[in-house]
$ cat input-v3.txt   # compact mmCIF, C-alpha atoms
# COMPACT_ATOMS: atom_id res chain seq x y z
CA MET A 1 14.64 14.47 13.46
CA THR A 2 11.48 15.52 15.27
CA ILE A 3 8.76 17.87 14.17
CA THR A 4 6.08 19.78 16.05
CA ALA A 5 2.73 21.12 14.96
CA THR A 6 4.33 24.53 14.46
CA ALA A 7 6.46 23.02 11.69
CA LEU A 8 3.44 22.48 9.47
CA PRO A 9 3.65 24.26 6.10
CA LYS A 10 2.06 27.71 6.03
CA SER A 11 1.07 27.51 2.35
CA GLY A 12 0.72 25.01 -0.47
CA GLU A 13 4.37 25.39 -1.49
CA GLU A 14 5.30 22.07 0.15
CA ASP A 15 2.24 20.11 -0.98
CA GLY A 16 3.28 16.74 -2.37
CA THR A 17 6.88 16.93 -1.18
CA VAL A 18 8.41 14.42 1.22
CA LYS A 19 8.97 15.41 4.85
CA TYR A 20 10.45 13.41 7.73
CA ALA A 21 9.66 12.98 11.40
CA GLY A 22 11.36 11.05 14.17
CA ILE A 23 8.83 9.26 16.38
CA GLY A 24 11.25 7.58 18.81
CA PRO A 25 11.65 3.87 19.66
CA LEU A 26 9.08 1.29 18.65
CA ALA A 27 8.51 -2.02 20.45
CA LEU A 28 6.97 -4.45 18.00
CA GLU A 29 4.10 -6.91 18.27
CA ALA A 30 6.21 -9.93 17.24
CA GLY A 31 8.92 -9.17 19.81
CA GLY A 32 11.35 -7.03 17.82
CA TYR A 33 12.44 -3.48 18.56
CA LEU A 34 13.46 -0.42 16.56
CA PRO A 35 15.35 2.16 18.63
CA ASN A 36 14.69 5.27 16.54
CA VAL A 37 11.98 5.27 13.88
CA VAL A 38 11.71 7.93 11.19
CA LEU A 39 8.56 8.26 9.11
CA ALA A 40 8.48 9.86 5.67
CA TYR A 41 5.21 11.55 4.75
CA GLU A 42 3.60 14.05 2.41
CA THR A 43 0.84 16.57 3.02
CA TRP A 44 -1.56 18.66 0.94
CA GLY A 45 -3.63 21.62 2.10
CA ARG A 46 -3.78 23.25 5.53
CA LEU A 47 -4.77 21.88 8.93
CA ASN A 48 -7.60 24.01 10.28
CA ALA A 49 -7.70 25.61 13.73
CA ASP A 50 -9.40 22.70 15.50
CA ALA A 51 -7.58 20.03 13.46
CA SER A 52 -10.90 18.56 12.32
CA ASN A 53 -10.17 18.45 8.58
CA ALA A 54 -7.32 15.90 8.52
CA VAL A 55 -7.55 12.97 6.09
CA LEU A 56 -5.12 10.03 6.09
CA ILE A 57 -4.63 8.19 2.79
CA GLN A 58 -2.73 4.90 3.02
CA HIS A 59 -0.62 3.60 0.14
CA ALA A 60 -0.66 0.05 -1.21
CA LEU A 61 2.16 -2.52 -1.18
CA THR A 62 4.82 -0.88 -3.36
CA GLY A 63 3.12 2.50 -3.52
CA SER A 64 4.68 5.75 -2.39
CA THR A 65 3.26 8.63 -0.38
CA HIS A 66 2.77 10.67 -3.57
CA VAL A 67 -1.02 10.59 -3.74
CA ALA A 68 -1.36 13.79 -5.80
CA ARG A 69 0.85 16.33 -7.59
CA GLY A 70 0.54 19.21 -5.17
CA ALA A 71 3.33 21.68 -5.86
CA THR A 72 5.27 19.13 -7.94
CA ASP A 73 5.06 18.01 -11.56
CA GLU A 74 4.93 14.32 -10.66
CA GLU A 75 1.52 12.71 -11.13
CA GLY A 76 0.11 11.09 -8.00
CA TRP A 77 -1.51 7.67 -7.84
CA TRP A 78 -4.95 8.92 -6.73
CA GLU A 79 -5.18 12.11 -8.80
CA GLN A 80 -8.80 11.23 -9.56
CA LEU A 81 -9.70 11.72 -5.88
CA VAL A 82 -7.30 14.24 -4.36
CA GLY A 83 -6.53 17.86 -5.21
CA PRO A 84 -8.02 21.34 -5.36
CA GLY A 85 -11.73 20.98 -6.14
CA ALA A 86 -11.50 17.16 -6.25
CA THR A 87 -13.56 14.76 -4.15
CA ILE A 88 -11.03 15.13 -1.36
CA ASP A 89 -10.65 18.86 -1.89
CA THR A 90 -7.26 20.04 -0.66
CA ASN A 91 -8.67 23.56 -0.40
CA ARG A 92 -10.85 22.20 2.42
CA PHE A 93 -9.02 19.17 3.79
CA PHE A 94 -5.52 18.56 5.14
CA VAL A 95 -4.41 15.33 3.47
CA VAL A 96 -1.58 13.19 4.86
CA SER A 97 0.06 10.07 3.41
CA ILE A 98 2.72 8.14 5.36
CA ASN A 99 5.32 5.69 4.09
CA ILE A 100 4.93 2.45 6.04
CA VAL A 101 7.62 1.31 8.49
CA GLY A 102 9.78 -1.17 6.57
CA GLY A 103 9.48 0.76 3.31
CA CYS A 104 12.17 2.28 1.15
CA TYR A 105 10.68 5.71 0.43
CA GLY A 106 12.13 7.44 3.48
CA SER A 107 10.67 5.66 6.50
CA THR A 108 12.86 3.40 8.60
CA GLY A 109 13.32 0.12 6.76
CA PRO A 110 15.87 -2.64 6.09
CA SER A 111 18.08 -0.33 4.00
CA SER A 112 18.13 2.33 6.74
CA GLU A 113 21.13 2.84 8.97
CA ALA A 114 21.05 0.83 12.20
CA PRO A 115 22.69 2.14 15.40
CA ASP A 116 26.03 0.63 14.34
CA GLY A 117 26.03 2.69 11.14
CA LYS A 118 25.39 -0.27 8.86
CA PRO A 119 22.12 -1.06 7.05
CA TRP A 120 19.66 -3.12 9.07
CA GLY A 121 19.56 -5.79 6.36
CA SER A 122 18.94 -9.25 7.82
CA ARG A 123 18.56 -7.74 11.31
CA PHE A 124 15.41 -5.80 10.46
CA PRO A 125 12.53 -7.09 12.59
CA LEU A 126 9.05 -8.22 11.58
CA VAL A 127 6.71 -5.21 11.57
CA THR A 128 2.96 -5.93 11.47
CA LEU A 129 0.28 -3.60 10.15
CA ARG A 130 -0.74 -3.03 13.78
CA ASP A 131 2.81 -1.84 14.50
CA SER A 132 2.69 0.55 11.57
CA THR A 133 -0.58 1.97 12.90
CA GLU A 134 1.03 2.66 16.27
CA ALA A 135 3.90 4.46 14.53
CA GLU A 136 1.51 6.54 12.42
CA ALA A 137 -0.49 7.52 15.51
CA ARG A 138 2.65 9.07 16.94
CA LEU A 139 3.14 11.11 13.78
CA ALA A 140 -0.48 12.24 14.03
CA ASP A 141 0.29 13.42 17.57
CA LEU A 142 3.25 15.43 16.31
CA LEU A 143 1.09 16.98 13.61
CA GLY A 144 -1.50 17.97 16.19
CA ILE A 145 -4.17 15.60 14.86
CA ALA A 146 -6.21 14.03 17.66
CA ALA A 147 -8.70 12.39 15.27
CA TRP A 148 -8.93 11.92 11.52
CA HIS A 149 -11.90 13.21 9.58
CA ALA A 150 -11.35 10.10 7.45
CA VAL A 151 -8.83 7.33 6.88
CA LEU A 152 -8.93 5.52 3.55
CA GLY A 153 -6.90 3.29 1.29
CA GLY A 154 -6.98 0.50 -1.25
CA SER A 155 -5.44 -2.99 -1.10
CA MET A 156 -2.81 -2.93 1.67
CA GLY A 157 -3.78 0.70 2.20
CA GLY A 158 -7.32 -0.44 2.94
CA ALA A 159 -6.03 -3.01 5.42
CA ARG A 160 -4.06 -0.24 7.15
CA ALA A 161 -7.14 1.99 7.23
CA LEU A 162 -9.19 -0.79 8.83
CA GLU A 163 -6.50 -1.43 11.42
CA TRP A 164 -6.55 2.27 12.31
CA ALA A 165 -10.33 2.21 12.85
CA VAL A 166 -10.15 -0.81 15.16
CA THR A 167 -6.93 0.00 17.03
CA PHE A 168 -7.74 3.67 17.60
CA PRO A 169 -11.54 3.94 17.30
CA GLU A 170 -11.62 7.30 19.05
CA ARG A 171 -9.27 8.74 16.43
CA VAL A 172 -11.11 7.69 13.23
CA ASN A 173 -14.43 9.30 12.38
CA ARG A 174 -14.78 7.76 8.91
CA CYS A 175 -13.02 4.81 7.31
CA ALA A 176 -12.94 3.66 3.67
CA VAL A 177 -11.71 0.11 3.04
CA ILE A 178 -11.28 -0.59 -0.67
CA SER A 179 -10.29 -3.85 -2.39
CA VAL A 180 -9.28 -5.78 0.70
CA GLY A 181 -10.90 -7.95 3.36
CA ALA A 182 -10.66 -8.17 7.14
CA TYR A 183 -7.68 -10.54 7.01
CA SER A 184 -5.23 -12.15 4.60
CA THR A 185 -6.51 -15.54 3.48
CA ALA A 186 -4.47 -18.72 3.09
CA GLU A 187 -4.38 -18.19 -0.68
CA GLN A 188 -3.16 -14.60 -0.31
CA ILE A 189 -0.48 -15.74 2.12
CA ALA A 190 0.53 -18.47 -0.36
CA PHE A 191 0.94 -15.96 -3.21
CA ALA A 192 2.92 -13.71 -0.87
CA GLN A 193 5.23 -16.52 0.24
CA ALA A 194 6.03 -17.40 -3.36
CA GLN A 195 7.10 -13.80 -3.91
CA THR A 196 9.30 -13.51 -0.83
CA LEU A 197 10.87 -16.90 -1.58
CA ALA A 198 11.73 -15.75 -5.10
CA ILE A 199 13.79 -12.95 -3.55
CA ARG A 200 15.36 -15.07 -0.82
CA GLN A 201 16.51 -17.66 -3.34
CA ASP A 202 18.28 -15.11 -5.52
CA PRO A 203 22.06 -15.88 -5.39
CA HIS A 204 22.74 -12.25 -4.46
CA PHE A 205 20.30 -12.07 -1.56
CA ASN A 206 22.94 -13.03 1.04
CA ASN A 207 20.33 -13.43 3.79
CA GLY A 208 19.37 -9.78 3.28
CA ASP A 209 22.88 -8.37 3.73
CA TYR A 210 23.55 -7.40 0.11
CA TYR A 211 23.97 -3.63 0.39
CA ASP A 212 27.73 -3.69 -0.20
CA GLY A 213 27.39 -5.87 -3.31
CA PRO A 214 24.99 -6.83 -6.10
CA ALA A 215 21.30 -6.58 -5.21
CA PRO A 216 18.95 -9.58 -5.70
CA GLU A 217 17.38 -7.97 -8.76
CA HIS A 218 16.34 -11.18 -10.49
CA GLY A 219 14.51 -12.40 -7.41
CA LEU A 220 12.74 -9.07 -6.93
CA ALA A 221 11.71 -8.98 -10.59
CA LEU A 222 10.34 -12.52 -10.33
CA ALA A 223 8.41 -11.57 -7.18
CA ARG A 224 6.83 -8.70 -9.08
CA ARG A 225 5.86 -10.98 -11.97
CA ILE A 226 4.03 -13.30 -9.57
CA ALA A 227 2.29 -10.39 -7.88
CA HIS A 228 1.31 -8.67 -11.10
CA ILE A 229 -0.52 -11.76 -12.35
CA THR A 230 -2.77 -11.47 -9.28
CA TYR A 231 -3.23 -7.72 -9.84
CA ARG A 232 -4.73 -8.23 -13.32
CA SER A 233 -7.64 -10.32 -14.50
CA ALA A 234 -7.49 -13.28 -16.88
CA LEU A 235 -9.83 -11.41 -19.21
CA GLU A 236 -7.57 -8.36 -19.36
CA LEU A 237 -4.48 -10.46 -20.11
CA ASP A 238 -6.34 -12.39 -22.82
CA LEU A 239 -7.72 -9.26 -24.46
CA ARG A 240 -4.41 -7.38 -24.36
CA PHE A 241 -2.03 -10.17 -25.29
CA GLY A 242 -3.81 -13.40 -26.13
CA ARG A 243 -1.32 -15.88 -27.54
CA GLU A 244 0.52 -13.31 -29.62
CA ALA A 245 4.29 -13.50 -29.87
CA GLN A 246 6.46 -10.64 -28.78
CA GLN A 247 7.55 -8.58 -31.77
CA GLN A 248 10.43 -10.21 -33.66
CA GLU A 249 10.37 -13.21 -31.30
CA THR A 250 9.10 -16.73 -32.05
CA PRO A 251 7.97 -18.80 -29.03
CA LEU A 252 7.59 -21.93 -31.17
CA ALA A 253 10.87 -21.76 -33.09
CA ALA A 254 13.81 -22.99 -31.05
CA ALA A 255 16.14 -25.96 -31.30
CA VAL A 256 16.54 -26.00 -27.51
CA LEU A 257 14.35 -24.65 -24.70
CA GLY A 258 16.66 -21.83 -23.77
CA GLU A 259 16.49 -20.25 -27.21
CA ARG A 260 12.74 -19.83 -27.66
CA GLY A 261 11.20 -16.40 -28.01
CA ARG A 262 8.57 -14.91 -25.70
CA TYR A 263 4.86 -14.44 -25.90
CA GLN A 264 3.71 -10.86 -25.50
CA VAL A 265 2.39 -11.53 -22.01
CA GLU A 266 5.83 -12.77 -20.97
CA SER A 267 7.44 -9.59 -22.26
CA TYR A 268 4.83 -7.57 -20.33
CA LEU A 269 5.68 -9.34 -17.07
CA ASP A 270 9.40 -8.87 -17.73
CA HIS A 271 8.75 -5.15 -18.13
CA GLN A 272 6.82 -4.98 -14.85
CA GLY A 273 9.65 -6.73 -13.03
CA THR A 274 12.29 -4.42 -14.47
CA LYS A 275 10.28 -1.32 -13.53
CA LEU A 276 10.02 -2.34 -9.89
CA VAL A 277 13.72 -3.23 -9.61
CA ARG A 278 14.57 0.35 -10.59
CA ARG A 279 12.60 1.87 -7.72
CA PHE A 280 12.27 -0.61 -4.87
CA ASP A 281 14.45 -2.38 -2.33
CA ALA A 282 14.18 -6.18 -2.18
CA ASN A 283 14.32 -6.34 1.62
CA SER A 284 11.56 -3.77 1.86
CA TYR A 285 9.47 -5.87 -0.52
CA ILE A 286 9.85 -8.79 1.88
CA ALA A 287 9.21 -6.68 4.98
CA ILE A 288 6.03 -5.09 3.64
CA THR A 289 4.74 -8.28 2.05
CA GLU A 290 5.11 -10.11 5.35
CA ALA A 291 3.41 -7.18 7.11
CA LEU A 292 0.46 -7.72 4.76
CA MET A 293 0.58 -11.45 5.48
CA SER A 294 0.07 -10.47 9.14
CA HIS A 295 -3.15 -8.62 8.32
CA ASP A 296 -5.89 -9.98 10.60
CA VAL A 297 -8.12 -7.48 12.33
CA THR A 298 -9.41 -10.24 14.63
CA ARG A 299 -6.02 -11.21 16.12
CA GLY A 300 -6.42 -11.14 19.90
CA ARG A 301 -9.86 -9.54 19.54
CA GLY A 302 -12.29 -12.45 19.32
CA THR A 303 -14.59 -13.12 16.39
CA LEU A 304 -14.79 -10.82 13.38
CA ARG A 305 -17.95 -9.17 14.70
CA GLU A 306 -16.39 -8.77 18.14
CA ALA A 307 -13.25 -7.23 16.70
CA LEU A 308 -15.13 -4.81 14.47
CA SER A 309 -17.51 -3.83 17.27
CA ARG A 310 -14.63 -1.79 18.69
CA ALA A 311 -14.81 0.58 15.74
CA THR A 312 -17.03 3.67 15.97
CA ALA A 313 -16.31 5.14 12.53
CA ASP A 314 -18.72 5.44 9.65
CA PHE A 315 -17.56 2.88 7.07
CA PHE A 316 -17.35 2.90 3.28
CA VAL A 317 -16.50 -0.49 1.75
CA ALA A 318 -15.78 -1.08 -1.94
CA ALA A 319 -14.55 -3.89 -4.18
CA VAL A 320 -13.43 -4.32 -7.78
CA ASP A 321 -15.83 -6.67 -9.54
CA THR A 322 -13.06 -8.60 -11.35
CA ASP A 323 -10.58 -8.73 -8.46
CA ARG A 324 -8.97 -12.17 -8.17
CA LEU A 325 -6.53 -11.25 -5.39
CA TYR A 326 -8.98 -9.79 -2.87
CA PHE A 327 -12.28 -11.26 -4.00
CA PRO A 328 -15.40 -9.10 -3.67
CA ALA A 329 -16.78 -11.77 -1.31
CA GLN A 330 -14.21 -10.66 1.27
CA SER A 331 -15.50 -7.10 1.10
CA HIS A 332 -19.04 -8.37 1.56
CA GLU A 333 -17.95 -10.45 4.56
CA LEU A 334 -16.33 -7.36 6.08
CA ALA A 335 -19.36 -5.16 5.45
CA ALA A 336 -21.74 -7.74 6.92
CA ALA A 337 -19.70 -7.96 10.14
CA LEU A 338 -19.38 -4.19 10.64
CA PRO A 339 -21.77 -2.43 13.02
CA GLY A 340 -24.78 -0.93 11.26
CA ASP A 341 -25.92 -1.37 7.68
CA VAL A 342 -22.81 -1.05 5.49
CA GLN A 343 -23.19 -1.59 1.77
CA VAL A 344 -20.45 -2.65 -0.63
CA HIS A 345 -19.79 -0.26 -3.50
CA THR A 346 -18.52 -1.75 -6.75
CA ILE A 347 -15.77 -0.57 -9.05
CA GLU A 348 -16.43 -2.02 -12.50
CA ALA A 349 -13.06 -2.63 -14.13
CA PRO A 350 -12.06 -5.42 -16.52
CA ILE A 351 -8.43 -5.26 -15.41
CA GLY A 352 -8.85 -6.83 -11.96
CA HIS A 353 -7.39 -5.76 -8.61
CA ASP A 354 -5.53 -2.73 -9.99
CA GLY A 355 -8.91 -1.19 -10.74
CA PHE A 356 -8.74 0.35 -7.25
CA LEU A 357 -6.02 2.59 -8.70
CA THR A 358 -7.03 3.12 -12.32
CA GLU A 359 -10.81 3.38 -11.85
CA ILE A 360 -11.05 4.95 -8.39
CA GLY A 361 -12.84 7.90 -9.97
CA GLN A 362 -15.93 5.68 -10.20
CA LEU A 363 -16.32 6.13 -6.44
CA SER A 364 -15.94 9.93 -6.46
CA ARG A 365 -19.65 10.71 -6.18
CA GLN A 366 -20.29 8.10 -3.49
CA LEU A 367 -17.25 9.08 -1.42
CA ARG A 368 -18.08 12.76 -1.70
CA GLY A 369 -21.62 12.14 -0.51
CA ALA A 370 -20.58 9.81 2.32
CA PHE A 371 -17.45 11.51 3.67
CA PHE A 372 -16.58 14.79 1.95
CA ALA A 373 -19.79 16.72 1.25

$ encode --input "input-v3.txt" --output "structure tokens"
Amino acid sequence: MTITATALPKSGEEDGTVKYAGIGPLALEAGGYLPNVVLAYETWGRLNADASNAVLIQHALTGSTHVARGATDEEGWWEQLVGPGATIDTNRFFVVSINIVGGCYGSTGPSSEAPDGKPWGSRFPLVTLRDSTEAEARLADLLGIAAWHAVLGGSMGGARALEWAVTFPERVNRCAVISVGAYSTAEQIAFAQAQTLAIRQDPHFNNGDYYDGPAPEHGLALARRIAHITYRSALELDLRFGREAQQQETPLAAAVLGERGRYQVESYLDHQGTKLVRRFDANSYIAITEALMSHDVTRGRGTLREALSRATADFFVAAVDTDRLYFPAQSHELAAALPGDVQVHTIEAPIGHDGFLTEIGQLSRQLRGAFFA
């Protein structure tokens, strides 16, 4: 399926609803190849006559393209920033969000049909964040967008925004990088590998070819537990759960290990794992996690300063003060290496990394003044 600029919605009736575009074959940085890539995306607002009001918002690891409600009843994940009259005012700006290649919300991914009619499964290639940027640039071409007024995102979305600004500097006028650094560190790669290994070691994984049988749900749920610990702060977990037992369960009353009850924090992690299993594909979790492992804006571009010197955008960098996945120090390192004098804005949130979602409204005034006045 291919779209043209004339296929853009004429009113707000399609705001916040998923659309699809075929962007053709994609040769990949690591050597793989996808013969026919489809991207799922959502839009809000109208593209103006000179296409100067387009804003790209990039989702995080297991996020969807549903940034804001639009014409739907489903709450979006950045409602505090996007909508009519909001910081990113959809009465003024044309907002786009694209599901990453490898995902399971409509873009080509491991569960998609390969040329032989079967799911890609174990045959799905490694897609880097740089590859996903190339794919998204083609969609921008189809939409008639030569340059973005702004590209922004948090966590993996921030890494994608940064890659856009460095790969296509002439196409990004402003770039907001929130709660992520210039590259994935050894520790972040280690956490990611533990998650992907949890899925791969599930008895139902079958090397990724499980679509005609049971899915590796236990492995995916375990991966989410590991991830969620890094998304929240120690303080938040202590304040919410402490050492309390789950209701009607007794962690210290069991004749054998397998019969003990859970602490509240264990029940909480179980719940987070179950929620993800209901909405996400295990292979896509691996594909996108390994794409984030690939995040390194310097790859093939010299030092960090040399790599970032390619960018011509105005930058907005922010960090969550209690983040223990992407430490604020990484945001400061990024800001210091960017051209010009770039300050680091702070989201104050006791919960940790997920503050880039729950407390993003703290940046509304600063973002409006910097990018959306």

$ closest_residue --input "input-v3.txt" --among "A:Phe356, A:Phe94, A:Tyr211, A:Phe327" --to "Asp281 (chain A)" --atoms "all atoms listed in the file"
A:Tyr211

$ atom_distance --input "input-v3.txt" --atom1 "CA of Phe316 (chain A)" --atom2 "CA of Gln343 (chain A)"
7.5 Å

$ residues_around --input "input-v3.txt" --residues "Ser184 (chain A)" --least-positions-apart "5" --cutoff "8 Å" --atoms "all atoms listed in the file" --output "PyMOL selection string"
chain A and resi 189+292-296

$ residues_near_point --input "input-v3.txt" --point "(12.3, -15.7, -4.7)" --cutoff "9 Å" --atoms "all atoms listed in the file" --output "list of chain:residue names"
A:Gln193, A:Ala194, A:Gln195, A:Thr196, A:Leu197, A:Ala198, A:Ile199, A:Arg200, A:Gln201, A:Asp202, A:His218, A:Gly219, A:Leu220, A:Ala221, A:Leu222, A:Ala223

$ atom_distance --input "input-v3.txt" --atom1 "CA of Ile88 (chain A)" --atom2 "CA of Thr322 (chain A)"
25.8 Å

$ residues_near_point --input "input-v3.txt" --point "(-11.8, 22.6, 3.9)" --cutoff "12 Å" --atoms "only C-alpha atoms" --output "list in words"
Trp44, Gly45, Arg46, Leu47, Asn48, Ala49, Asp50, Ala51, Ser52, Asn53, Ala54, Val55, Gly83, Pro84, Gly85, Ala86, Thr87, Ile88, Asp89, Thr90, Asn91, Arg92, Phe93, Phe94, Val95, His149, Phe372 and Ala373 of chain A

$ atom_distance --input "input-v3.txt" --atom1 "CA of Val101 (chain A)" --atom2 "CA of Trp120 (chain A)"
12.8 Å

$ closest_atom_pairs --input "input-v3.txt" --of "region 47-119 of chain A" --to "region 158-175 of chain A" --cutoff "9 Å" --atoms "only C-alpha atoms" --output "JSON lines"
{"residue": "A:Leu56", "atom": "CA", "partner": "A:Ala161", "partner_atom": "CA", "distance": 8.4}
{"residue": "A:Ile57", "atom": "CA", "partner": "A:Ala161", "partner_atom": "CA", "distance": 8.0}
{"residue": "A:Gln58", "atom": "CA", "partner": "A:Arg160", "partner_atom": "CA", "distance": 6.7}
{"residue": "A:His59", "atom": "CA", "partner": "A:Gly158", "partner_atom": "CA", "distance": 8.3}
{"residue": "A:Ala60", "atom": "CA", "partner": "A:Gly158", "partner_atom": "CA", "distance": 7.9}

$ residues_around --input "input-v3.txt" --residues "Arg232 (chain A)" --least-positions-apart "4" --cutoff "8 Å" --atoms "all atoms listed in the file" --output "PDB file with C-alpha atoms, in the frame of the given file"
ATOM      1  CA  HIS A 228       1.310  -8.670 -11.100  1.00  0.00           C
ATOM      2  CA  GLU A 236      -7.570  -8.360 -19.360  1.00  0.00           C
ATOM      3  CA  LEU A 237      -4.480 -10.460 -20.110  1.00  0.00           C
ATOM      4  CA  ASP A 323     -10.580  -8.730  -8.460  1.00  0.00           C
ATOM      5  CA  ARG A 324      -8.970 -12.170  -8.170  1.00  0.00           C
ATOM      6  CA  ILE A 351      -8.430  -5.260 -15.410  1.00  0.00           C
ATOM      7  CA  GLY A 352      -8.850  -6.830 -11.960  1.00  0.00           C
ATOM      8  CA  HIS A 353      -7.390  -5.760  -8.610  1.00  0.00           C
ATOM      9  CA  ASP A 354      -5.530  -2.730  -9.990  1.00  0.00           C
TER      10      ASP A 354
END

$ closest_residue --input "input-v3.txt" --among "A:Gly102, A:Gly121, A:Pro251, A:Pro110" --to "Asn207 (chain A)" --atoms "all atoms listed in the file"
A:Gly121

$ closest_residue --input "input-v3.txt" --among "A:Ser284, A:Ser179, A:Ser107, A:Gln188" --to "Ser155 (chain A)" --atoms "all atoms listed in the file"
A:Ser179

$ closest_residue --input "input-v3.txt" --among "A:Ala21, A:Leu61, A:Leu152, A:Ala318" --to "Gly106 (chain A)" --atoms "all atoms listed in the file"
A:Ala21

$ closest_residue --input "input-v3.txt" --among "A:Ser132, A:Ser97, A:Asn283, A:Gln362" --to "Ser111 (chain A)" --atoms "all atoms listed in the file"
A:Asn283

$ residues_around --input "input-v3.txt" --residues "Val38 (chain A)" --least-positions-apart "6" --cutoff "10 Å" --atoms "only C-alpha atoms" --output "PyMOL selection string"
chain A and resi 1-2+20-25+99+101+106-109+112+135+139

$ residues_around --input "input-v3.txt" --residues "region 253-270 of chain A" --least-positions-apart "4" --cutoff "6 Å" --atoms "all atoms listed in the file" --output "list in words"
Arg225, Phe241, Glu244, Ala245, Gln246 and Glu249 of chain A
